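Engineer: Structure: query17.txt, compact mmCIF, C-alpha atoms (C1' of nucleotides).
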# COMPACT_ATOMS: atom_id res chain seq x y z
CA MET A 2 0.00 0.00 0.00
CA LYS A 3 1.50 3.29 -1.15
CA LYS A 4 1.15 6.56 0.64
CA PRO A 5 -0.43 9.37 -1.36
CA ALA A 6 1.98 12.17 -2.28
CA SER A 7 1.51 14.56 0.60
CA LYS A 8 5.03 15.26 1.84
CA PRO A 9 7.36 17.15 -0.50
CA ASN A 10 11.12 16.58 -0.58
CA ALA A 11 10.96 13.35 1.33
CA THR A 12 12.26 9.99 0.20
CA LYS A 13 9.64 10.00 -2.48
CA ALA A 14 10.31 11.01 -6.05
CA VAL A 15 10.21 14.72 -6.73
CA THR A 16 7.31 15.80 -8.83
CA LYS A 17 7.89 19.47 -9.55
CA VAL A 18 11.44 20.82 -9.64
CA SER A 19 12.04 24.17 -7.97
CA ASP A 20 14.73 26.66 -8.96
CA SER A 21 13.91 29.44 -6.55
CA SER A 22 17.45 29.52 -5.14
CA LEU A 23 18.85 30.28 -8.56
CA ARG A 24 16.01 32.71 -9.18
CA ARG A 25 17.48 34.93 -6.51
CA LEU A 26 20.31 35.65 -8.92
CA VAL A 27 20.02 38.19 -11.68
CA GLY A 28 22.68 36.31 -13.60
CA TYR A 29 20.46 33.26 -13.76
CA HIS A 30 17.61 35.26 -15.22
CA MET A 31 20.00 36.76 -17.72
CA LYS A 32 21.24 33.39 -18.81
CA ARG A 33 17.76 31.98 -19.33
CA ALA A 34 16.47 35.04 -21.14
CA PHE A 35 19.57 35.22 -23.29
CA ASN A 36 19.17 31.58 -24.25
CA VAL A 37 15.76 32.41 -25.66
CA VAL A 38 17.11 35.40 -27.56
CA GLN A 39 20.06 33.42 -28.86
CA THR A 40 17.92 30.54 -30.06
CA ASP A 41 15.63 32.92 -31.86
CA LEU A 42 18.50 34.86 -33.41
CA THR A 43 20.19 31.70 -34.61
CA LYS A 44 16.99 30.65 -36.36
CA THR A 45 16.57 34.12 -37.83
CA LEU A 46 20.07 34.18 -39.28
CA LYS A 47 19.96 30.66 -40.69
CA PRO A 48 18.28 31.60 -44.01
CA PHE A 49 21.14 34.03 -44.61
CA ASP A 50 23.71 31.38 -43.73
CA LEU A 51 25.03 33.59 -40.96
CA ARG A 52 25.85 32.84 -37.35
CA MET A 53 25.85 35.32 -34.50
CA ILE A 54 29.57 35.92 -34.82
CA THR A 55 29.69 36.21 -38.59
CA TYR A 56 26.71 38.52 -38.42
CA SER A 57 28.32 40.74 -35.78
CA ALA A 58 31.49 40.87 -37.81
CA LEU A 59 29.65 41.79 -41.00
CA VAL A 60 27.62 44.51 -39.31
CA THR A 61 30.69 46.03 -37.70
CA ILE A 62 32.71 45.99 -40.91
CA SER A 63 29.82 47.62 -42.73
CA GLU A 64 29.59 50.32 -40.12
CA ASN A 65 33.36 50.87 -39.97
CA PRO A 66 34.75 50.32 -43.44
CA GLY A 67 38.51 50.09 -43.50
CA LEU A 68 38.97 48.86 -39.96
CA ARG A 69 41.67 46.33 -39.17
CA GLN A 70 41.19 42.79 -37.99
CA SER A 71 42.63 43.58 -34.62
CA GLN A 72 40.20 46.47 -34.22
CA LEU A 73 37.30 44.28 -35.23
CA ALA A 74 38.37 41.55 -32.84
CA ASP A 75 38.49 44.13 -30.09
CA ALA A 76 35.11 45.59 -31.00
CA ILE A 77 33.15 42.36 -31.06
CA ASP A 78 35.13 40.98 -28.16
CA ILE A 79 36.74 37.89 -29.62
CA GLU A 80 40.37 36.81 -29.80
CA ARG A 81 42.30 37.70 -32.93
CA PRO A 82 43.13 34.09 -33.81
CA ASN A 83 39.46 33.19 -33.77
CA LEU A 84 38.60 36.08 -36.02
CA VAL A 85 40.83 34.85 -38.82
CA VAL A 86 38.58 31.94 -39.81
CA ILE A 87 35.52 34.18 -39.64
CA ILE A 88 37.09 36.73 -41.96
CA ASP A 89 38.25 33.90 -44.20
CA GLU A 90 34.69 32.67 -44.54
CA LEU A 91 33.18 36.10 -45.21
CA GLU A 92 35.86 36.79 -47.80
CA ARG A 93 35.40 33.42 -49.50
CA ARG A 94 31.69 34.18 -49.84
CA ASP A 95 32.51 37.58 -51.37
CA LEU A 96 30.72 39.42 -48.60
CA ILE A 97 33.84 41.37 -47.61
CA VAL A 98 37.30 42.10 -49.00
CA ARG A 99 40.70 42.37 -47.39
CA ASP A 100 42.23 45.53 -48.81
CA ARG A 101 45.66 46.73 -47.88
CA VAL A 102 46.11 49.49 -45.35
CA PRO A 103 48.12 52.25 -47.08
CA ASN A 104 51.10 52.80 -44.82
CA ASP A 105 51.18 49.51 -42.96
CA ARG A 106 51.82 46.35 -44.89
CA ARG A 107 51.06 44.17 -41.91
CA ALA A 108 47.42 45.10 -41.65
CA TYR A 109 44.30 44.58 -43.71
CA ALA A 110 41.53 47.13 -44.25
CA LEU A 111 38.22 45.29 -44.13
CA LYS A 112 35.29 46.38 -46.25
CA THR A 113 31.96 44.95 -47.25
CA THR A 114 31.25 44.21 -50.90
CA PRO A 115 28.00 45.26 -52.58
CA LEU A 116 26.92 41.64 -52.20
CA GLY A 117 27.72 41.80 -48.50
CA ASP A 118 25.79 45.04 -48.16
CA ARG A 119 22.73 43.55 -49.83
CA LEU A 120 22.80 40.42 -47.67
CA LEU A 121 23.32 42.48 -44.56
CA SER A 122 20.49 44.83 -45.33
CA LYS A 123 18.06 41.92 -45.61
CA ALA A 124 19.44 40.13 -42.59
CA PHE A 125 19.34 43.21 -40.43
CA LYS A 126 15.69 43.86 -41.22
CA SER A 127 14.84 40.29 -40.37
CA VAL A 128 16.76 40.42 -37.10
CA VAL A 129 15.08 43.63 -36.01
CA ALA A 130 11.66 42.22 -36.89
CA HIS A 131 12.27 39.04 -34.92
CA GLU A 132 13.50 40.97 -31.92
CA GLU A 133 10.40 43.07 -32.11
CA GLU A 134 8.29 39.92 -31.85
CA LEU A 135 10.33 38.67 -28.94
CA LEU A 136 9.93 41.94 -27.07
CA ALA A 137 6.27 42.37 -27.92
CA SER A 138 5.28 42.06 -24.27
CA LEU A 139 7.58 44.90 -23.22
CA SER A 140 6.50 48.52 -23.38
CA PRO A 141 8.84 51.11 -24.92
CA GLU A 142 9.67 52.33 -21.45
CA GLU A 143 10.43 48.84 -20.22
CA ARG A 144 12.75 48.31 -23.16
CA THR A 145 14.58 51.54 -22.47
CA ASN A 146 14.96 50.65 -18.81
CA LEU A 147 16.13 47.15 -19.68
CA ILE A 148 18.83 48.44 -21.99
CA SER A 149 20.09 51.01 -19.51
CA ALA A 150 20.20 48.40 -16.76
CA LEU A 151 22.17 46.08 -19.01
CA LYS A 152 24.55 48.89 -19.85
CA LEU A 153 25.13 49.60 -16.18
CA ILE A 154 26.01 45.96 -15.62
CA GLU A 155 28.23 45.89 -18.66
CA ASN A 156 30.19 48.87 -17.34
CA SER A 157 30.25 47.80 -13.72
CA GLN A 158 33.68 46.17 -13.81
CA LYS A 159 35.99 47.86 -16.33
CA LYS A 160 38.11 49.18 -13.50
CA ASP A 161 40.19 47.82 -10.56
CA THR A 162 42.68 44.91 -10.76
CA PRO A 163 45.72 47.00 -9.70
CA MET B 7 48.16 65.70 -50.97
CA LYS B 8 45.89 63.97 -48.50
CA LYS B 9 42.66 65.35 -47.22
CA PRO B 10 42.52 65.96 -43.49
CA ALA B 11 40.34 63.51 -41.60
CA SER B 12 37.06 65.30 -41.75
CA LYS B 13 34.93 62.62 -43.34
CA PRO B 14 34.42 59.51 -41.26
CA ASN B 15 34.32 56.10 -42.92
CA ALA B 16 36.38 57.19 -45.90
CA THR B 17 39.45 55.49 -47.32
CA LYS B 18 41.42 56.45 -44.26
CA ALA B 19 42.12 54.08 -41.40
CA VAL B 20 39.40 53.85 -38.79
CA THR B 21 40.34 55.32 -35.47
CA LYS B 22 37.37 54.63 -33.26
CA VAL B 23 35.17 51.62 -33.95
CA SER B 24 31.43 52.15 -33.73
CA ASP B 25 28.89 49.48 -32.79
CA SER B 26 25.75 51.60 -32.87
CA SER B 27 24.02 49.26 -35.32
CA LEU B 28 24.35 46.38 -32.92
CA ARG B 29 23.42 48.66 -30.05
CA ARG B 30 19.96 48.87 -31.54
CA LEU B 31 19.46 45.26 -30.51
CA VAL B 32 18.51 44.28 -27.00
CA GLY B 33 20.10 40.89 -27.60
CA TYR B 34 23.47 42.55 -28.12
CA HIS B 35 23.22 44.38 -24.82
CA MET B 36 22.24 41.15 -23.15
CA LYS B 37 25.21 39.33 -24.53
CA ARG B 38 27.68 41.96 -23.43
CA ALA B 39 26.18 42.35 -19.98
CA PHE B 40 25.99 38.61 -19.53
CA ASN B 41 29.63 38.24 -20.48
CA VAL B 42 30.52 40.50 -17.58
CA VAL B 43 28.32 38.55 -15.19
CA GLN B 44 29.65 35.25 -16.41
CA THR B 45 33.27 36.29 -16.09
CA ASP B 46 32.65 37.50 -12.56
CA LEU B 47 30.75 34.37 -11.60
CA THR B 48 33.44 32.11 -13.00
CA LYS B 49 36.03 33.88 -10.88
CA THR B 50 33.78 33.71 -7.83
CA LEU B 51 33.26 29.98 -8.16
CA LYS B 52 36.88 29.13 -8.83
CA PRO B 53 37.94 28.92 -5.16
CA PHE B 54 35.23 26.30 -4.68
CA ASP B 55 36.36 24.40 -7.76
CA LEU B 56 32.92 24.83 -9.28
CA ARG B 57 31.82 25.97 -12.71
CA MET B 58 28.52 27.60 -13.59
CA ILE B 59 27.00 24.28 -14.61
CA THR B 60 28.25 22.25 -11.69
CA TYR B 61 27.12 25.02 -9.39
CA SER B 62 23.63 25.14 -10.91
CA ALA B 63 23.38 21.38 -10.66
CA LEU B 64 24.47 21.35 -7.03
CA VAL B 65 22.05 24.11 -6.05
CA THR B 66 19.16 22.42 -7.77
CA ILE B 67 19.89 19.03 -6.24
CA SER B 68 20.13 20.63 -2.84
CA GLU B 69 16.80 22.33 -3.31
CA ASN B 70 15.10 19.22 -4.73
CA PRO B 71 16.57 16.21 -2.98
CA GLY B 72 15.67 12.96 -4.65
CA LEU B 73 15.13 14.34 -8.13
CA ARG B 74 16.16 12.30 -11.14
CA GLN B 75 18.87 13.14 -13.61
CA SER B 76 16.38 13.72 -16.38
CA GLN B 77 14.45 16.12 -14.17
CA LEU B 78 17.61 17.97 -13.31
CA ALA B 79 18.64 18.15 -16.95
CA ASP B 80 15.27 19.60 -17.75
CA ALA B 81 15.40 22.10 -14.88
CA ILE B 82 18.78 23.58 -15.65
CA ASP B 83 18.18 23.31 -19.37
CA ILE B 84 20.95 21.03 -20.52
CA GLU B 85 20.86 17.78 -22.47
CA ARG B 86 20.82 14.54 -20.53
CA PRO B 87 24.04 13.20 -22.05
CA ASN B 88 25.89 16.31 -20.95
CA LEU B 89 24.58 16.02 -17.44
CA VAL B 90 26.11 12.61 -16.91
CA VAL B 91 29.69 13.84 -16.70
CA ILE B 92 28.65 16.66 -14.40
CA ILE B 93 26.94 14.25 -12.03
CA ASP B 94 29.94 11.94 -12.29
CA GLU B 95 32.22 14.73 -11.15
CA LEU B 96 30.01 15.86 -8.27
CA GLU B 97 29.68 12.26 -7.11
CA ARG B 98 33.40 11.58 -7.36
CA ARG B 99 34.02 14.62 -5.14
CA ASP B 100 31.49 13.30 -2.62
CA LEU B 101 29.31 16.37 -3.00
CA ILE B 102 26.28 14.34 -4.05
CA VAL B 103 25.17 10.71 -4.11
CA ARG B 104 23.26 8.66 -6.63
CA ASP B 105 20.68 6.78 -4.61
CA ARG B 106 18.25 4.39 -6.15
CA VAL B 107 14.69 5.44 -6.81
CA PRO B 108 12.43 2.96 -4.96
CA ASN B 109 10.13 1.62 -7.62
CA ASP B 110 12.17 2.34 -10.70
CA ARG B 111 15.51 0.65 -11.11
CA ARG B 112 16.33 2.71 -14.15
CA ALA B 113 16.51 6.00 -12.35
CA TYR B 114 18.75 7.60 -9.76
CA ALA B 115 17.62 9.82 -6.92
CA LEU B 116 20.14 12.61 -6.52
CA LYS B 117 20.97 14.07 -3.13
CA THR B 118 23.63 16.32 -1.70
CA THR B 119 25.99 15.00 0.95
CA PRO B 120 26.78 16.96 4.12
CA LEU B 121 30.06 17.88 2.45
CA GLY B 122 28.14 19.12 -0.58
CA ASP B 123 25.83 21.13 1.62
CA ARG B 124 28.72 22.80 3.39
CA LEU B 125 30.49 23.68 0.15
CA LEU B 126 27.29 24.97 -1.35
CA SER B 127 26.45 27.13 1.61
CA LYS B 128 29.80 28.89 1.37
CA ALA B 129 29.67 29.15 -2.41
CA PHE B 130 26.17 30.53 -2.41
CA LYS B 131 27.05 33.29 0.02
CA SER B 132 30.03 34.24 -2.08
CA VAL B 133 28.00 34.27 -5.27
CA VAL B 134 25.31 36.48 -3.77
CA ALA B 135 27.92 38.85 -2.41
CA HIS B 136 29.66 39.16 -5.74
CA GLU B 137 26.41 39.76 -7.56
CA GLU B 138 25.62 42.45 -5.06
CA GLU B 139 28.86 44.19 -5.98
CA LEU B 140 28.14 43.86 -9.68
CA LEU B 141 24.69 45.35 -9.27
CA ALA B 142 25.77 48.10 -6.91
CA SER B 143 24.86 50.77 -9.42
CA LEU B 144 21.27 49.51 -9.72
CA SER B 145 18.55 50.60 -7.34
CA PRO B 146 16.25 47.97 -5.83
CA GLU B 147 13.52 49.10 -8.17
CA GLU B 148 15.79 48.86 -11.19
CA ARG B 149 16.73 45.32 -10.19
CA THR B 150 13.12 44.30 -9.82
CA ASN B 151 12.28 45.79 -13.19
CA LEU B 152 15.28 44.12 -14.78
CA ILE B 153 14.28 40.72 -13.49
CA SER B 154 10.68 41.04 -14.58
CA ALA B 155 11.74 42.20 -18.04
CA LEU B 156 14.08 39.22 -18.33
CA LYS B 157 11.28 36.91 -17.24
CA LEU B 158 8.99 38.33 -19.91
CA ILE B 159 11.61 37.64 -22.54
CA GLU B 160 12.25 34.17 -21.17
CA ASN B 161 8.55 33.33 -21.47
CA SER B 162 7.95 35.04 -24.78
CA GLN B 163 8.35 31.95 -26.92
CA LYS B 164 7.25 28.80 -25.06
CA LYS B 165 4.27 28.45 -27.36
CA ASP B 166 3.52 28.16 -31.12
CA THR B 167 5.24 25.77 -33.58
CA PRO B 168 2.06 23.79 -34.39
C1' DA C 24 1.41 -13.37 -20.87
C1' DA C 25 3.97 -11.91 -24.93
C1' DT C 26 5.36 -8.41 -27.63
C1' DA C 27 5.99 -3.59 -28.68
C1' DA C 28 6.80 1.04 -27.26
C1' DA C 29 8.52 4.34 -24.13
C1' DT C 30 11.79 5.93 -20.56
C1' DA C 31 16.35 6.61 -17.73
C1' DG C 32 20.79 6.80 -17.94
C1' DA C 33 25.19 6.17 -20.50
C1' DT C 34 28.61 6.30 -24.45
C1' DA C 35 30.48 8.20 -28.53
C1' DT C 36 30.98 11.85 -31.51
C1' DG C 37 30.83 16.26 -33.78
C1' DA C 38 30.05 21.40 -34.16
C1' DC C 39 31.10 25.59 -32.30
C1' DA C 40 32.86 29.25 -29.06
C1' DC C 41 36.72 30.69 -26.75
C1' DA C 42 41.59 30.93 -25.02
C1' DT C 43 46.76 30.58 -25.30
C1' DA C 44 51.40 29.86 -27.23
C1' DA C 45 54.32 30.48 -30.87
C1' DC C 46 55.66 32.25 -35.49
C1' DA C 47 56.82 35.46 -39.77
C1' DA C 48 56.50 39.84 -41.58
C1' DT C 49 56.51 44.44 -40.67
C1' DT C 50 56.87 48.64 -38.05
C1' DA C 51 58.24 51.44 -34.03
C1' DT C 52 61.57 52.51 -30.48
C1' DA C 53 66.03 52.71 -27.84
C1' DT D 28 71.52 49.17 -35.85
C1' DA D 29 69.64 46.35 -32.38
C1' DT D 30 65.55 45.54 -29.79
C1' DA D 31 60.81 45.64 -28.87
C1' DA D 32 56.07 45.83 -30.26
C1' DT D 33 52.29 44.98 -33.57
C1' DT D 34 49.50 42.43 -37.26
C1' DG D 35 47.83 38.57 -38.93
C1' DT D 36 48.40 33.61 -38.81
C1' DT D 37 48.83 28.55 -37.44
C1' DA D 38 48.38 25.04 -34.16
C1' DT D 39 46.33 23.33 -30.26
C1' DG D 40 43.49 22.63 -26.18
C1' DT D 41 39.20 23.30 -23.43
C1' DG D 42 34.34 23.93 -22.50
C1' DT D 43 29.56 24.07 -23.99
C1' DC D 44 26.05 22.11 -26.40
C1' DA D 45 23.53 18.87 -29.61
C1' DT D 46 22.51 14.34 -31.75
C1' DA D 47 22.50 9.45 -32.61
C1' DT D 48 22.81 5.19 -30.56
C1' DC D 49 23.02 1.70 -26.91
C1' DT D 50 21.43 -1.04 -22.42
C1' DA D 51 18.29 -2.00 -18.94
C1' DT D 52 14.24 -1.33 -17.26
C1' DT D 53 9.43 -0.03 -17.22
C1' DT D 54 4.88 0.77 -19.32
C1' DA D 55 1.48 0.01 -22.94
C1' DT D 56 -0.73 -2.83 -26.46
C1' DT D 57 -2.50 -6.96 -28.26
Let me see the structure of the file written as structure tokens.

Structural biologist:
Amino acid sequence: MKKPASKPNATKAVTKVSDSSLRRLVGYHMKRAFNVVQTDLTKTLKPFDLRMITYSALVTISENPGLRQSQLADAIDIERPNLVVIIDELERRDLIVRDRVPNDRRAYALKTTPLGDRLLSKAFKSVVAHEEELLASLSPEERTNLISALKLIENSQKKDTP
Amino acid sequence: MKKPASKPNATKAVTKVSDSSLRRLVGYHMKRAFNVVQTDLTKTLKPFDLRMITYSALVTISENPGLRQSQLADAIDIERPNLVVIIDELERRDLIVRDRVPNDRRAYALKTTPLGDRLLSKAFKSVVAHEEELLASLSPEERTNLISALKLIENSQKKDTP
DNA sequence: AATAAATAGATATGACACATAACAATTATA
DNA sequence: TATAATTGTTATGTGTCATATCTATTTATT
């Protein structure tokens, strides 16, 4: 004869899993929310054959024509060695070109091609539209507040380490 | 004769890299802010020899003693195969045990050991304290708003796909 | 009851993100 | 000129995450 499930967290099997300890942490909420955003963005970029990193790189090159690989790596916060393969791919697909920087034969000046511009323009519209859907339940004010809070967190280290 | 740098984004080398296109996206802000949080959390957990995943697993087991691996995988949103090695590690370090579930010889009932509880209690305090530092520039109201916005985003898909 | 289907955990494997060390070519500095 | 620093590159390792497949057990179907 089995006892009916009256006593939680006993020897019996757990029925509903709680995560309220982790819910005390803002970081946990950020991770879960970001997972949703990331999944959505990945799906959105798939038709353009872009990933988050290649997309970020393409956008940043388009906005800063002529920048160097090291500058790009710094801007989108990835290591220079890891950028090389990304640039290789974008160049192979004729979305960008590696021009030479005039007075420095070590460096490359990155620029988008017309093809890259066209792809990016479509992709960007799609990304913005999908984000709009994802944020549909947030008012303009809530979005503004969210972004400024995230900025505060982003800038909350930057210093110390003597 | 070269033109002086009056026109941005010309043939000249880029001096300051702009990311204002990406800044239009909430997802971009989330990624950058989360990177900061993640870096801080990783450092915080290092003295306890825990990673974000092992920490999440330990917390959730502690809060839901007796839960199964598949339930845990579901709760902390990782795939079952990837959980196995995590559980292996926690068990090897005597932080948790794999008991048997009474009426199901397929499943394990996960529980923290006293050692695991002690480690977790210290780690949790440290994590909360570090988060407090990271969020120092946010008022209580801003934190509440941030969390509720993140929750809205987290729950904004969940449905469709017929 | 016998067979088929579903479930829990495990193993193997691959894709991708991310980090570090070391190198050649070039430029800047002492 | 000799030395140091920078740019892009190659090689390599680690961590996260996903999928397919396997076993042993349990549940459902007939």

Engineer: Residues of chain B were defined as contacting chain D if any atom lay at most 12 Å from it, counting all atoms listed in the file; please report them as a short mmCIF file (atom, residue, chain, number, x, y, z; two decimals) with C-alpha atoms, in the coordinates of the input.

Structural biologist:
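The file below, selection05.cif, is the result:
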data_model
loop_
_atom_site.label_atom_id
_atom_site.label_comp_id
_atom_site.auth_asym_id
_atom_site.auth_seq_id
_atom_site.Cartn_x
_atom_site.Cartn_y
_atom_site.Cartn_z
CA ARG B 57 31.82 25.97 -12.71
CA MET B 58 28.52 27.60 -13.59
CA ILE B 59 27.00 24.28 -14.61
CA ASP B 83 18.18 23.31 -19.37
CA ILE B 84 20.95 21.03 -20.52
CA GLU B 85 20.86 17.78 -22.47
CA ARG B 86 20.82 14.54 -20.53
CA PRO B 87 24.04 13.20 -22.05
CA ASN B 88 25.89 16.31 -20.95
CA LEU B 89 24.58 16.02 -17.44
CA ASN B 109 10.13 1.62 -7.62
CA ASP B 110 12.17 2.34 -10.70
CA ARG B 111 15.51 0.65 -11.11
CA ARG B 112 16.33 2.71 -14.15
CA ALA B 113 16.51 6.00 -12.35
#

Engineer: Enter the distance from CA of Arg69 (chain A) to CA of Tyr109 (chain A), in Å, rounded to one decimal.

Structural biologist: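 Value for the CA of Arg69 (chain A)-CA of Tyr109 (chain A) distance: 5.5 Å.
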
Engineer: May I have the residues of chain C within 8 Å of chain A, counting all atoms listed in the file, written as a list in words?

Structural biologist: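 Interface list for chain C against chain A: DC41, DA42, DA48, DT49 and DT50 of chain C.
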
Engineer: Select residues of chain A: the criterion is any atom within 7 Å of an atom of chain B, counting only C-alpha atoms; output as a PyMOL selection string.

Structural biologist: chain A and resi 10+12+14-15+18-20+27-28+30-31+33-35+37-38+61+64-68+76+135-136+138+147-148+150-155+157

Engineer: Could you check how far CA of Gln70 (chain A) sits from CA of Arg119 (chain A), in Å to one decimal?

Structural biologist: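 Value for the CA of Gln70 (chain A)-CA of Arg119 (chain A) distance: 21.9 Å.
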
Engineer: Can you check the Cα RMSD once chain A has been least-squares fitted onto chain B over every paired atom, in order?

Structural biologist: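 Computed value for the CA RMSD is 0.7 Å.
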
Engineer: Enclose the full set of atoms of region 46-57 of chain D listed in the file within a box whose edges lie along x, y and z, apply 3 Å of padding to each of the six sides, and report centre and edge lengths in Å to one decimal as JSON.

Structural biologist:
{"center_x": 10.3, "center_y": 3.7, "center_z": -24.9, "size_x": 31.5, "size_y": 27.3, "size_z": 21.4}

Engineer: What separation in Å, quoted to one decimal, exists between C1' of DA31 (chain C) and CA of Val103 (chain B)?

Structural biologist: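 Distance between the two atoms: 16.7 Å.
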
Engineer: Fix up region 39-54 of chain A with N, CA and C atoms, then write it as a PDB file, in the frame of the given file.

Structural biologist:
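Contents of the output file out04.pdb:
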ATOM      1  N   GLN A  39      19.036  34.039 -28.028  1.00  0.00           N
ATOM      2  CA  GLN A  39      20.060  33.420 -28.860  1.00  0.00           C
ATOM      3  C   GLN A  39      19.462  32.372 -29.797  1.00  0.00           C
ATOM      4  N   THR A  40      18.579  31.554 -29.247  1.00  0.00           N
ATOM      5  CA  THR A  40      17.920  30.540 -30.060  1.00  0.00           C
ATOM      6  C   THR A  40      17.143  31.176 -31.200  1.00  0.00           C
ATOM      7  N   ASP A  41      16.418  32.223 -30.857  1.00  0.00           N
ATOM      8  CA  ASP A  41      15.630  32.920 -31.860  1.00  0.00           C
ATOM      9  C   ASP A  41      16.526  33.556 -32.927  1.00  0.00           C
ATOM     10  N   LEU A  42      17.598  34.187 -32.474  1.00  0.00           N
ATOM     11  CA  LEU A  42      18.500  34.860 -33.410  1.00  0.00           C
ATOM     12  C   LEU A  42      19.170  33.861 -34.344  1.00  0.00           C
ATOM     13  N   THR A  43      19.563  32.733 -33.779  1.00  0.00           N
ATOM     14  CA  THR A  43      20.190  31.700 -34.610  1.00  0.00           C
ATOM     15  C   THR A  43      19.249  31.253 -35.721  1.00  0.00           C
ATOM     16  N   LYS A  44      17.986  31.050 -35.353  1.00  0.00           N
ATOM     17  CA  LYS A  44      16.990  30.650 -36.360  1.00  0.00           C
ATOM     18  C   LYS A  44      16.800  31.751 -37.393  1.00  0.00           C
ATOM     19  N   THR A  45      16.781  32.985 -36.924  1.00  0.00           N
ATOM     20  CA  THR A  45      16.570  34.120 -37.830  1.00  0.00           C
ATOM     21  C   THR A  45      17.695  34.250 -38.850  1.00  0.00           C
ATOM     22  N   LEU A  46      18.913  33.983 -38.400  1.00  0.00           N
ATOM     23  CA  LEU A  46      20.070  34.180 -39.280  1.00  0.00           C
ATOM     24  C   LEU A  46      20.309  33.005 -40.225  1.00  0.00           C
ATOM     25  N   LYS A  47      19.706  31.879 -39.911  1.00  0.00           N
ATOM     26  CA  LYS A  47      19.960  30.660 -40.690  1.00  0.00           C
ATOM     27  C   LYS A  47      19.680  30.841 -42.189  1.00  0.00           C
ATOM     28  N   PRO A  48      18.541  31.437 -42.571  1.00  0.00           N
ATOM     29  CA  PRO A  48      18.280  31.600 -44.010  1.00  0.00           C
ATOM     30  C   PRO A  48      19.347  32.409 -44.725  1.00  0.00           C
ATOM     31  N   PHE A  49      20.084  33.214 -44.004  1.00  0.00           N
ATOM     32  CA  PHE A  49      21.140  34.030 -44.610  1.00  0.00           C
ATOM     33  C   PHE A  49      22.501  33.334 -44.496  1.00  0.00           C
ATOM     34  N   ASP A  50      22.479  32.148 -43.928  1.00  0.00           N
ATOM     35  CA  ASP A  50      23.710  31.380 -43.730  1.00  0.00           C
ATOM     36  C   ASP A  50      24.706  32.168 -42.879  1.00  0.00           C
ATOM     37  N   LEU A  51      24.179  32.833 -41.871  1.00  0.00           N
ATOM     38  CA  LEU A  51      25.030  33.590 -40.960  1.00  0.00           C
ATOM     39  C   LEU A  51      24.853  33.051 -39.540  1.00  0.00           C
ATOM     40  N   ARG A  52      25.919  33.121 -38.771  1.00  0.00           N
ATOM     41  CA  ARG A  52      25.850  32.840 -37.350  1.00  0.00           C
ATOM     42  C   ARG A  52      25.961  34.170 -36.600  1.00  0.00           C
ATOM     43  N   MET A  53      25.776  34.095 -35.280  1.00  0.00           N
ATOM     44  CA  MET A  53      25.850  35.320 -34.500  1.00  0.00           C
ATOM     45  C   MET A  53      27.175  36.035 -34.707  1.00  0.00           C
ATOM     46  N   ILE A  54      28.261  35.287 -34.712  1.00  0.00           N
ATOM     47  CA  ILE A  54      29.570  35.920 -34.820  1.00  0.00           C
ATOM     48  C   ILE A  54      29.793  36.490 -36.212  1.00  0.00           C
TER      49      ILE A  54
END
